[in-house]
>>> print(open('query-v2.cif').read())   # mmCIF, C-alpha atoms
data_model
loop_
_atom_site.label_atom_id
_atom_site.label_comp_id
_atom_site.auth_asym_id
_atom_site.auth_seq_id
_atom_site.Cartn_x
_atom_site.Cartn_y
_atom_site.Cartn_z
CA MET V 765 -42.87 -34.44 15.86
CA ALA V 766 -44.30 -31.78 13.54
CA GLN V 767 -45.19 -29.63 16.52
CA LEU V 768 -41.70 -30.10 17.97
CA ARG V 769 -40.01 -29.07 14.71
CA SER V 770 -42.34 -26.10 14.40
CA GLY V 771 -41.55 -25.04 17.94
CA SER V 772 -37.83 -25.42 17.32
CA ILE V 773 -38.02 -23.27 14.19
CA LEU V 774 -40.02 -20.60 16.00
CA GLY V 775 -37.52 -20.68 18.85
CA ALA V 776 -34.60 -20.28 16.46
CA LEU V 777 -36.30 -17.39 14.71
CA ALA V 778 -37.02 -15.73 18.03
CA GLY V 779 -33.39 -16.17 19.06
CA ALA V 780 -32.12 -14.68 15.80
CA LEU V 781 -34.57 -11.79 16.17
CA CYS V 782 -33.33 -11.19 19.70
CA ILE V 783 -29.70 -11.15 18.56
CA TRP V 784 -30.59 -8.78 15.71
CA TRP V 785 -32.51 -6.47 18.08
CA VAL V 786 -29.69 -6.39 20.63
CA GLY V 787 -27.12 -5.69 17.89
CA CYS V 788 -29.23 -2.87 16.47
CA SER V 789 -29.93 -1.35 19.89
CA LEU V 790 -26.26 -1.24 20.95
CA GLU V 791 -24.04 1.70 20.11
CA PRO V 792 -21.96 0.99 17.00
CA VAL V 793 -18.26 0.32 17.18
CA ARG V 794 -16.48 3.17 15.42
CA LEU V 795 -13.08 3.39 13.76
CA GLY V 796 -11.35 6.48 12.41
CA VAL V 797 -9.95 6.73 8.89
CA VAL V 798 -7.50 9.45 7.78
CA LEU V 799 -6.61 9.36 4.08
CA PRO V 800 -5.56 11.80 1.33
CA MET V 801 -8.95 12.29 -0.31
CA SER V 802 -7.78 15.52 -1.96
CA GLY V 803 -4.43 16.97 -2.95
CA PRO V 804 -1.62 15.36 -4.96
CA TYR V 805 -2.05 11.89 -3.43
CA ALA V 806 -5.84 11.72 -3.79
CA THR V 807 -5.68 8.89 -6.30
CA TYR V 808 -4.23 6.64 -3.59
CA GLY V 809 -6.77 7.90 -1.04
CA ALA V 810 -9.65 7.04 -3.37
CA SER V 811 -8.46 3.45 -3.80
CA LEU V 812 -7.84 3.06 -0.09
CA GLU V 813 -11.26 4.39 0.88
CA ARG V 814 -13.01 2.03 -1.53
CA GLY V 815 -11.22 -0.88 0.15
CA VAL V 816 -12.31 0.40 3.57
CA ARG V 817 -15.97 0.59 2.47
CA VAL V 818 -15.98 -2.95 1.10
CA ALA V 819 -14.47 -4.25 4.35
CA VAL V 820 -17.06 -2.48 6.52
CA ASP V 821 -19.81 -4.04 4.40
CA ARG V 822 -18.32 -7.49 4.97
CA VAL V 823 -17.81 -7.07 8.72
CA ASN V 824 -21.41 -5.93 9.18
CA ARG V 825 -22.78 -8.63 6.90
CA GLU V 826 -21.07 -11.18 9.14
CA GLY V 827 -22.57 -9.77 12.35
CA GLY V 828 -20.42 -6.74 13.11
CA VAL V 829 -17.99 -6.56 16.02
CA GLN V 830 -19.16 -8.46 19.10
CA GLY V 831 -22.71 -8.10 17.82
CA ARG V 832 -22.38 -4.36 17.25
CA ARG V 833 -22.45 -2.59 13.92
CA LEU V 834 -19.12 -1.27 12.63
CA GLU V 835 -18.96 2.34 11.45
CA VAL V 836 -16.04 4.36 10.09
CA LEU V 837 -15.47 8.09 10.37
CA VAL V 838 -13.49 9.14 7.28
CA ARG V 839 -11.42 12.30 7.38
CA ASP V 840 -9.45 13.96 4.57
CA SER V 841 -5.78 14.76 5.19
CA GLY V 842 -5.62 16.88 2.04
CA SER V 843 -2.32 15.06 1.35
CA ARG V 844 -0.76 17.21 4.11
CA PRO V 845 0.90 15.57 7.14
CA GLU V 846 -0.03 18.45 9.45
CA GLN V 847 -3.69 18.13 8.47
CA ALA V 848 -3.50 14.37 9.03
CA VAL V 849 -2.33 15.02 12.61
CA MET V 850 -5.22 17.41 13.25
CA GLU V 851 -7.78 14.92 11.94
CA PHE V 852 -6.19 12.10 13.92
CA GLN V 853 -6.33 14.13 17.13
CA GLU V 854 -9.99 14.99 16.61
CA LEU V 855 -10.90 11.38 15.98
CA ILE V 856 -9.20 9.98 19.08
CA ILE V 857 -9.96 12.85 21.48
CA LYS V 858 -13.37 14.15 20.40
CA GLU V 859 -14.81 11.03 18.76
CA LYS V 860 -12.94 8.67 21.14
CA VAL V 861 -12.21 6.03 18.51
CA PRO V 862 -9.84 3.28 19.73
CA ALA V 863 -7.99 2.98 16.41
CA VAL V 864 -7.44 4.84 13.17
CA VAL V 865 -6.70 3.53 9.69
CA GLY V 866 -4.12 5.86 8.07
CA GLY V 867 -2.21 7.61 6.78
CA GLY V 868 -2.16 7.02 3.12
CA THR V 869 1.45 8.13 2.77
CA SER V 870 4.58 7.54 4.81
CA ALA V 871 4.79 11.25 5.65
CA GLU V 872 1.26 11.23 7.07
CA ALA V 873 1.84 8.08 9.11
CA LEU V 874 5.13 9.39 10.49
CA ALA V 875 3.48 12.69 11.45
CA MET V 876 0.62 10.93 13.28
CA ALA V 877 2.88 8.41 15.02
CA ALA V 878 3.95 10.75 17.84
CA THR V 879 0.31 11.48 18.71
CA ALA V 880 -0.55 7.79 18.58
CA GLU V 881 2.20 7.03 21.09
CA ARG V 882 1.35 9.95 23.37
CA GLU V 883 -2.40 9.31 23.41
CA ARG V 884 -2.04 5.51 23.36
CA ARG V 885 -4.28 4.93 20.35
CA VAL V 886 -3.71 2.40 17.59
CA LEU V 887 -2.63 3.73 14.21
CA LEU V 888 -2.75 1.13 11.43
CA SER V 889 -1.54 2.23 8.00
CA PRO V 890 -2.53 0.19 4.94
CA SER V 891 0.05 1.81 2.67
CA ALA V 892 2.88 3.60 4.54
CA SER V 893 6.15 1.86 3.80
CA SER V 894 9.04 4.02 5.06
CA PRO V 895 11.63 2.13 7.13
CA GLU V 896 11.49 5.08 9.54
CA LEU V 897 8.15 3.76 10.82
CA THR V 898 9.60 0.53 12.20
CA PRO V 899 11.11 1.94 15.43
CA VAL V 900 8.55 4.70 16.21
CA GLY V 901 6.70 2.88 19.00
CA GLU V 902 4.28 0.21 20.15
CA TRP V 903 1.03 1.82 18.94
CA VAL V 904 1.89 2.08 15.24
CA PHE V 905 1.16 -0.82 12.89
CA ARG V 906 1.09 -1.25 9.13
CA ASN V 907 -0.01 -4.07 6.86
CA TRP V 908 2.09 -2.82 3.93
CA PRO V 909 5.63 -4.20 4.15
CA SER V 910 8.63 -1.95 4.72
CA ASP V 911 10.51 -0.43 1.80
CA GLU V 912 13.56 -2.34 3.03
CA ILE V 913 12.09 -5.46 1.42
CA GLU V 914 11.08 -3.72 -1.82
CA ALA V 915 14.45 -1.97 -2.14
CA HIS V 916 16.33 -5.21 -1.55
CA THR V 917 14.23 -6.95 -4.21
CA MET V 918 14.86 -4.24 -6.81
CA ALA V 919 18.57 -3.86 -5.97
CA ASP V 920 19.11 -7.59 -6.44
CA PHE V 921 17.20 -7.50 -9.74
CA ALA V 922 19.24 -4.59 -11.05
CA ALA V 923 22.59 -5.97 -9.90
CA PHE V 924 22.28 -9.71 -10.43
CA THR V 925 19.62 -10.15 -13.12
CA LEU V 926 20.15 -7.11 -15.35
CA HIS V 927 23.88 -6.88 -14.42
CA VAL V 928 23.68 -3.12 -13.94
CA THR V 929 26.90 -1.74 -12.43
CA ARG V 930 25.93 1.95 -12.27
CA ILE V 931 22.43 3.39 -11.98
CA ALA V 932 20.92 6.88 -11.85
CA ILE V 933 18.49 7.19 -8.94
CA VAL V 934 15.99 10.02 -9.40
CA GLU V 935 14.12 10.56 -6.15
CA GLU V 936 11.31 12.84 -5.10
CA GLU V 937 11.79 14.91 -1.96
CA SER V 938 9.47 12.97 0.36
CA ALA V 939 9.68 10.65 3.35
CA TYR V 940 8.63 7.76 1.14
CA ALA V 941 11.25 8.37 -1.56
CA ARG V 942 13.96 9.06 1.00
CA GLY V 943 13.35 5.73 2.72
CA ILE V 944 13.23 3.51 -0.33
CA ALA V 945 16.10 5.23 -2.18
CA GLY V 946 18.33 4.98 0.89
CA ALA V 947 17.56 1.29 1.34
CA PHE V 948 18.16 0.63 -2.37
CA VAL V 949 21.54 2.34 -2.28
CA THR V 950 22.63 0.27 0.74
CA HIS V 951 21.76 -3.03 -0.93
CA PHE V 952 23.02 -1.99 -4.37
CA GLU V 953 26.40 -0.92 -3.01
CA MET V 954 26.66 -4.12 -0.96
CA ALA V 955 26.55 -5.91 -4.32
CA GLY V 956 29.65 -3.97 -5.36
CA ARG V 957 27.73 -1.53 -7.56
CA SER V 958 27.53 2.29 -7.55
CA ASP V 959 24.84 4.91 -8.03
CA GLU V 960 24.23 8.52 -9.01
CA ARG V 961 21.46 10.15 -6.94
CA ILE V 962 19.43 13.02 -8.36
CA SER V 963 16.66 14.78 -6.42
CA LEU V 964 13.49 16.02 -8.10
CA PRO V 965 12.22 19.48 -7.21
CA MET V 966 9.24 19.05 -4.89
CA LYS V 967 7.11 21.65 -6.70
CA GLY V 968 6.42 22.31 -10.35
CA THR V 969 6.09 20.04 -13.37
CA ASP V 970 9.01 21.27 -15.49
CA PHE V 971 11.47 18.39 -15.32
CA LEU V 972 13.82 19.76 -17.97
CA GLU V 973 16.62 20.37 -15.48
CA THR V 974 16.25 16.88 -14.00
CA VAL V 975 16.32 15.33 -17.48
CA LYS V 976 19.48 17.30 -18.29
CA ARG V 977 21.13 15.95 -15.16
CA VAL V 978 20.22 12.39 -16.12
CA GLN V 979 21.58 13.01 -19.61
CA ALA V 980 24.83 14.27 -18.07
CA VAL V 981 25.45 10.93 -16.34
CA ARG V 982 23.93 8.91 -19.20
CA PRO V 983 27.28 7.67 -20.64
CA GLU V 984 28.20 6.11 -17.29
CA VAL V 985 24.90 4.45 -16.27
CA GLN V 986 22.95 1.52 -17.64
CA ALA V 987 19.54 2.18 -16.05
CA VAL V 988 17.48 4.79 -14.24
CA TYR V 989 15.48 4.19 -11.04
CA LEU V 990 12.52 6.55 -10.56
CA VAL V 991 11.50 6.80 -6.90
CA GLY V 992 8.43 8.74 -5.81
CA TYR V 993 4.65 8.96 -6.02
CA GLY V 994 2.91 8.67 -9.36
CA GLY V 995 2.26 12.41 -9.63
CA LYS V 996 6.02 12.93 -9.97
CA VAL V 997 7.15 9.68 -11.56
CA VAL V 998 4.71 9.75 -14.51
CA PRO V 999 5.49 13.26 -15.81
CA LEU V 1000 9.21 12.67 -15.33
CA GLN V 1001 9.00 9.44 -17.30
CA HIS V 1002 7.12 11.36 -20.01
CA ALA V 1003 9.96 13.90 -20.10
CA LEU V 1004 12.56 11.13 -20.31
CA ILE V 1005 10.73 9.57 -23.26
CA ALA V 1006 10.56 12.96 -25.00
CA SER V 1007 14.32 13.35 -24.51
CA ARG V 1008 14.88 9.99 -26.27
CA LEU V 1009 16.91 8.77 -23.33
CA ASP V 1010 17.21 5.10 -24.17
CA LEU V 1011 17.76 3.57 -20.73
CA PRO V 1012 15.89 0.73 -18.99
CA VAL V 1013 13.55 2.32 -16.44
CA LEU V 1014 12.92 0.80 -13.00
CA SER V 1015 10.46 2.24 -10.50
CA VAL V 1016 8.48 1.62 -7.32
CA SER V 1017 5.24 0.14 -6.01
CA THR V 1018 3.33 3.45 -6.15
CA LEU V 1019 2.75 2.65 -9.82
CA SER V 1020 0.41 -0.13 -8.63
CA ASP V 1021 -2.45 2.39 -8.38
CA GLY V 1022 -5.13 1.42 -10.90
CA ASP V 1023 -6.03 4.98 -11.90
CA ILE V 1024 -2.40 5.86 -12.59
CA LEU V 1025 -1.96 2.79 -14.78
CA ARG V 1026 -5.11 3.54 -16.78
CA ARG V 1027 -4.32 7.23 -17.31
CA SER V 1028 -0.63 6.87 -18.10
CA ALA V 1029 -0.38 3.59 -19.99
CA SER V 1030 1.72 4.87 -22.91
CA ASP V 1031 4.27 6.67 -20.72
CA LEU V 1032 4.74 3.70 -18.40
CA GLU V 1033 5.00 0.98 -21.03
CA ASN V 1034 7.89 -1.43 -20.26
CA VAL V 1035 8.67 0.17 -16.87
CA VAL V 1036 9.66 -2.51 -14.34
CA PHE V 1037 8.75 -2.08 -10.68
CA ALA V 1038 8.42 -4.13 -7.51
CA ARG V 1039 5.27 -4.46 -5.43
CA PRO V 1040 4.01 -6.72 -2.65
CA SER V 1041 2.85 -9.99 -4.19
CA PHE V 1042 -0.76 -9.48 -5.28
CA ASP V 1043 -2.93 -11.85 -7.26
CA LEU V 1044 -6.72 -11.87 -7.30
CA ASP V 1045 -6.72 -14.49 -10.06
CA ASN V 1046 -6.41 -17.37 -7.63
CA ASP V 1047 -8.66 -19.81 -5.83
CA SER V 1048 -8.42 -18.11 -2.44
CA PRO V 1049 -11.95 -17.65 -1.03
CA VAL V 1050 -10.87 -14.38 0.61
CA SER V 1051 -9.52 -12.94 -2.63
CA GLN V 1052 -12.55 -14.02 -4.61
CA GLU V 1053 -15.01 -12.65 -2.07
CA PHE V 1054 -13.17 -9.32 -2.03
CA LEU V 1055 -13.10 -9.17 -5.82
CA VAL V 1056 -16.82 -9.90 -6.19
CA ALA V 1057 -17.82 -7.50 -3.40
CA TYR V 1058 -15.65 -4.70 -4.81
CA GLN V 1059 -17.00 -5.13 -8.32
CA SER V 1060 -20.57 -5.24 -7.02
CA ARG V 1061 -20.17 -1.94 -5.17
CA PHE V 1062 -17.77 0.04 -7.37
CA GLY V 1063 -17.39 -1.81 -10.66
CA GLY V 1064 -14.01 -2.39 -12.23
CA GLU V 1065 -11.13 -4.26 -10.67
CA PRO V 1066 -9.60 -3.37 -7.28
CA ASP V 1067 -5.94 -2.46 -7.08
CA ILE V 1068 -3.39 -3.41 -4.46
CA TYR V 1069 -4.14 -0.31 -2.33
CA ALA V 1070 -7.83 -1.19 -2.07
CA ALA V 1071 -6.86 -4.73 -1.03
CA HIS V 1072 -4.54 -3.53 1.75
CA ALA V 1073 -7.14 -1.06 3.07
CA TYR V 1074 -9.75 -3.83 3.01
CA ASP V 1075 -7.43 -6.01 5.07
CA SER V 1076 -6.63 -3.22 7.55
CA VAL V 1077 -10.28 -2.83 8.57
CA ARG V 1078 -10.78 -6.58 8.82
CA LEU V 1079 -7.62 -6.88 10.94
CA LEU V 1080 -8.92 -4.30 13.40
CA ALA V 1081 -12.31 -6.02 13.52
CA GLU V 1082 -10.58 -9.35 14.16
CA ALA V 1083 -8.46 -7.84 16.94
CA MET V 1084 -11.56 -6.36 18.61
CA ALA V 1085 -13.44 -9.63 18.30
CA MET V 1086 -10.55 -11.45 19.98
CA GLU V 1087 -9.73 -9.04 22.80
CA GLY V 1088 -12.24 -6.19 23.05
CA ILE V 1089 -12.91 -2.74 21.62
CA GLY V 1090 -10.68 -0.58 23.86
CA PRO V 1091 -7.33 0.74 22.59
CA GLU V 1092 -5.26 -1.61 24.76
CA GLU V 1093 -7.36 -4.57 23.69
CA VAL V 1094 -7.06 -3.65 20.00
CA LYS V 1095 -3.28 -3.39 20.25
CA ARG V 1096 -3.06 -6.70 22.08
CA GLY V 1097 -5.34 -8.35 19.54
CA LEU V 1098 -3.27 -7.17 16.56
CA LEU V 1099 -0.11 -8.62 18.09
CA LYS V 1100 -1.89 -11.95 18.60
CA ILE V 1101 -2.98 -12.26 14.97
CA LYS V 1102 -1.09 -14.99 13.13
CA ASN V 1103 -1.37 -15.88 9.45
CA PHE V 1104 -4.53 -13.83 8.93
CA PRO V 1105 -5.99 -14.67 5.49
CA GLY V 1106 -6.15 -11.29 3.78
CA ALA V 1107 -6.95 -10.25 0.23
CA SER V 1108 -3.33 -9.08 0.03
CA GLY V 1109 -1.93 -12.33 1.42
CA SER V 1110 -1.20 -13.92 4.78
CA ILE V 1111 -0.64 -11.36 7.56
CA THR V 1112 1.25 -11.60 10.85
CA PHE V 1113 2.53 -8.58 12.80
CA ASP V 1114 5.93 -8.65 14.42
CA SER V 1115 6.75 -6.90 17.70
CA ASN V 1116 7.37 -3.64 15.81
CA GLY V 1117 3.92 -3.66 14.22
CA ASP V 1118 5.42 -4.54 10.81
CA ILE V 1119 4.54 -7.40 8.50
CA VAL V 1120 6.78 -9.41 6.23
CA GLN V 1121 5.53 -10.21 2.74
CA THR V 1122 7.35 -11.11 -0.44
CA PHE V 1123 7.65 -8.69 -3.35
CA GLU V 1124 7.22 -9.51 -7.00
CA LEU V 1125 8.68 -7.78 -10.05
CA CYS V 1126 6.13 -6.45 -12.53
CA VAL V 1127 6.31 -4.86 -15.96
CA ILE V 1128 3.70 -2.47 -17.32
CA LYS V 1129 2.10 -3.63 -20.56
CA GLY V 1130 -0.99 -2.08 -22.11
CA GLY V 1131 -1.87 -0.16 -18.95
CA LYS V 1132 -1.67 -3.23 -16.73
CA ALA V 1133 0.93 -4.46 -14.27
CA ILE V 1134 1.94 -7.97 -15.27
CA PRO V 1135 4.22 -10.12 -13.09
CA LEU V 1136 7.53 -10.24 -14.91
CA ALA V 1137 7.63 -14.01 -14.47
CA ARG V 1138 4.47 -14.28 -16.60
CA ALA V 1139 5.31 -11.60 -19.15
CA GLY V 1140 7.52 -13.76 -21.36
CA ASP V 1141 11.27 -14.21 -21.59
CA ASP V 1142 11.56 -11.74 -24.46
CA ILE V 1143 11.00 -8.73 -22.16
CA LEU V 1144 13.71 -9.69 -19.69
CA THR V 1145 16.08 -10.71 -22.48
CA ALA V 1146 15.64 -7.33 -24.20
CA LEU V 1147 16.43 -5.50 -20.96
CA GLN V 1148 19.54 -7.59 -20.36
CA LYS V 1149 20.77 -7.03 -23.90
CA ARG V 1150 20.27 -3.27 -23.59
CA VAL V 1151 22.28 -3.20 -20.35
CA ASP V 1152 25.06 -5.25 -21.98
CA ILE V 1153 25.24 -2.81 -24.91
CA LEU V 1154 25.41 0.16 -22.53
CA ARG V 1155 28.18 -1.51 -20.53
CA PHE V 1156 30.32 -2.96 -23.30
CA GLY V 1157 29.19 -1.22 -26.50
CA GLY V 1158 27.93 -2.92 -29.61
#
>>> encode(input="query-v2.cif", output="structure tokens")
Amino acid sequence: MAQLRSGSILGALAGALCIWWVGCSLEPVRLGVVLPMSGPYATYGASLERGVRVAVDRVNREGGVQGRRLEVLVRDSGSRPEQAVMEFQELIIKEKVPAVVGGGTSAEALAMAATAERERRVLLSPSASSPELTPVGEWVFRNWPSDEIEAHTMADFAAFTLHVTRIAIVEEESAYARGIAGAFVTHFEMAGRSDERISLPMKGTDFLETVKRVQAVRPEVQAVYLVGYGGKVVPLQHALIASRLDLPVLSVSTLSDGDILRRSASDLENVVFARPSFDLDNDSPVSQEFLVAYQSRFGGEPDIYAAHAYDSVRLLAEAMAMEGIGPEEVKRGLLKIKNFPGASGSITFDSNGDIVQTFELCVIKGGKAIPLARAGDDILTALQKRVDILRFGG
């Protein structure tokens, strides 16, 4: 018996060694990654890339893709859509990758979408949210939900919870801001409310003129909705505070970025925004494994962007494991995925390459985003009272 067990152990070891040798001798499976690693949106790119790296570590630790090591080729878009297209083209034509994770912004993803459709290569964005992405074609996917859902959530909150009847919408000139502001207006007006839209200048940091325009409509509005990336929203909010404009401030999911929250805690205090539901303080094995792996490699706590990028790589690896590593197989595999357990929640793609996830309302306290439902009734009550005073006097 001892000899039999010894032989079995040796056989198992030999088999494992053979699998390891075959996996190491095969060419790696490669994916492209195009993110804003420099430029005005670099803070988002940094979070997204960290999530990508943690996911690659996990995939390879679990045996790679069909026994082959997974590698990623990361390219910097410079926060410019035209550069994102150039990097995307090089990755799919020169490097022949079957799929690319990107872009980090809606503008980048929209710019790359035409090339993805023409060249028949999968583009999976972990963070692009513009509703304009939904109808672009069969090769474009995203595991961040559409702004339609976020805008609907915030419009309902403003109209039916805060009882705001008129709101000033201050929007950056970008594909992202255009999409979410437009969707918000549609839902807000369906509730019988009205809005005043103000566009930020795309360049420069002097928001004096914008603040003056908000002040001009101030007697008629009960809240302000700041729509844009953190690089615009934070300095504008700082200018609004300096002007002593005492209005409840609502904003968007781009404030979920961990670096923005840490750097701008005082300016963003009490700002309410909506984001995809995100909670690492739960018993989910996927969430806990992601949290531990992220902290082990980078330290600190991952934000929602890192979680979505982590899931995007794992989704592509899952699709390739199911169907194969060619572009057609990857696309087919993504469409077959149902209820994938991600760090950002359960994921299923619809026929448009979109996912549906719920949004939660958060309030910023002490540099952290806290779900409004957990923040205490006093915060919501104070907001409601301020809106009532602005509407009826007192």
>>> resolve_selection(input="query-v2.cif", expression="the PyMOL selection byres ((chain V and resi 1126) around 7)", output="list in words")
Val1036, Phe1037, Ala1038, Glu1124, Leu1125, Val1127, Ile1128, Ala1133, Ile1134, Pro1135 and Leu1136 of chain V
>>> resolve_selection(input="query-v2.cif", expression="the PyMOL selection byres ((chain V and resi 835-844) around 7)", output="NGL selection string")
:V and (792-805 or 833-834 or 845-848 or 851 or 872)
>>> atom_distance(input="query-v2.cif", atom1="CA of Asp1142 in chain V", atom2="CA of Thr917 in chain V")
21.0 Å
>>> resolve_selection(input="query-v2.cif", expression="the PyMOL selection byres ((chain V and resi 1021-1031) around 7)", output="ChimeraX atom specification")
/V:807-808,994,998,1001-1002,1018-1020,1032-1033,1067,1069,1130-1132
>>> atom_distance(input="query-v2.cif", atom1="CA of Glu1082 in chain V", atom2="CA of Phe1113 in chain V")
13.2 Å
>>> closest_residue(input="query-v2.cif", among="V:Val1050, V:Ile1111, V:Leu1099, V:Val865", to="Arg822 in chain V", atoms="all atoms listed in the file")
V:Val1050
>>> closest_residue(input="query-v2.cif", among="V:Val1120, V:Ile962, V:Val1151, V:Val1016", to="Thr898 in chain V", atoms="all atoms listed in the file")
V:Val1120
>>> closest_residue(input="query-v2.cif", among="V:His1072, V:Arg906, V:Lys996, V:Arg930", to="Arg814 in chain V", atoms="only C-alpha atoms")
V:His1072
>>> atom_distance(input="query-v2.cif", atom1="CA of Pro895 in chain V", atom2="CA of Ala873 in chain V")
11.6 Å
>>> residues_near_point(input="query-v2.cif", point="(5.7, 12.6, 12.0)", cutoff="10 Å", atoms="only C-alpha atoms", output="list in words")
Pro845, Glu846, Ala848, Val849, Ser870, Ala871, Glu872, Ala873, Leu874, Ala875, Met876, Ala877, Ala878, Thr879, Glu896, Leu897, Val900 and Ala939 of chain V
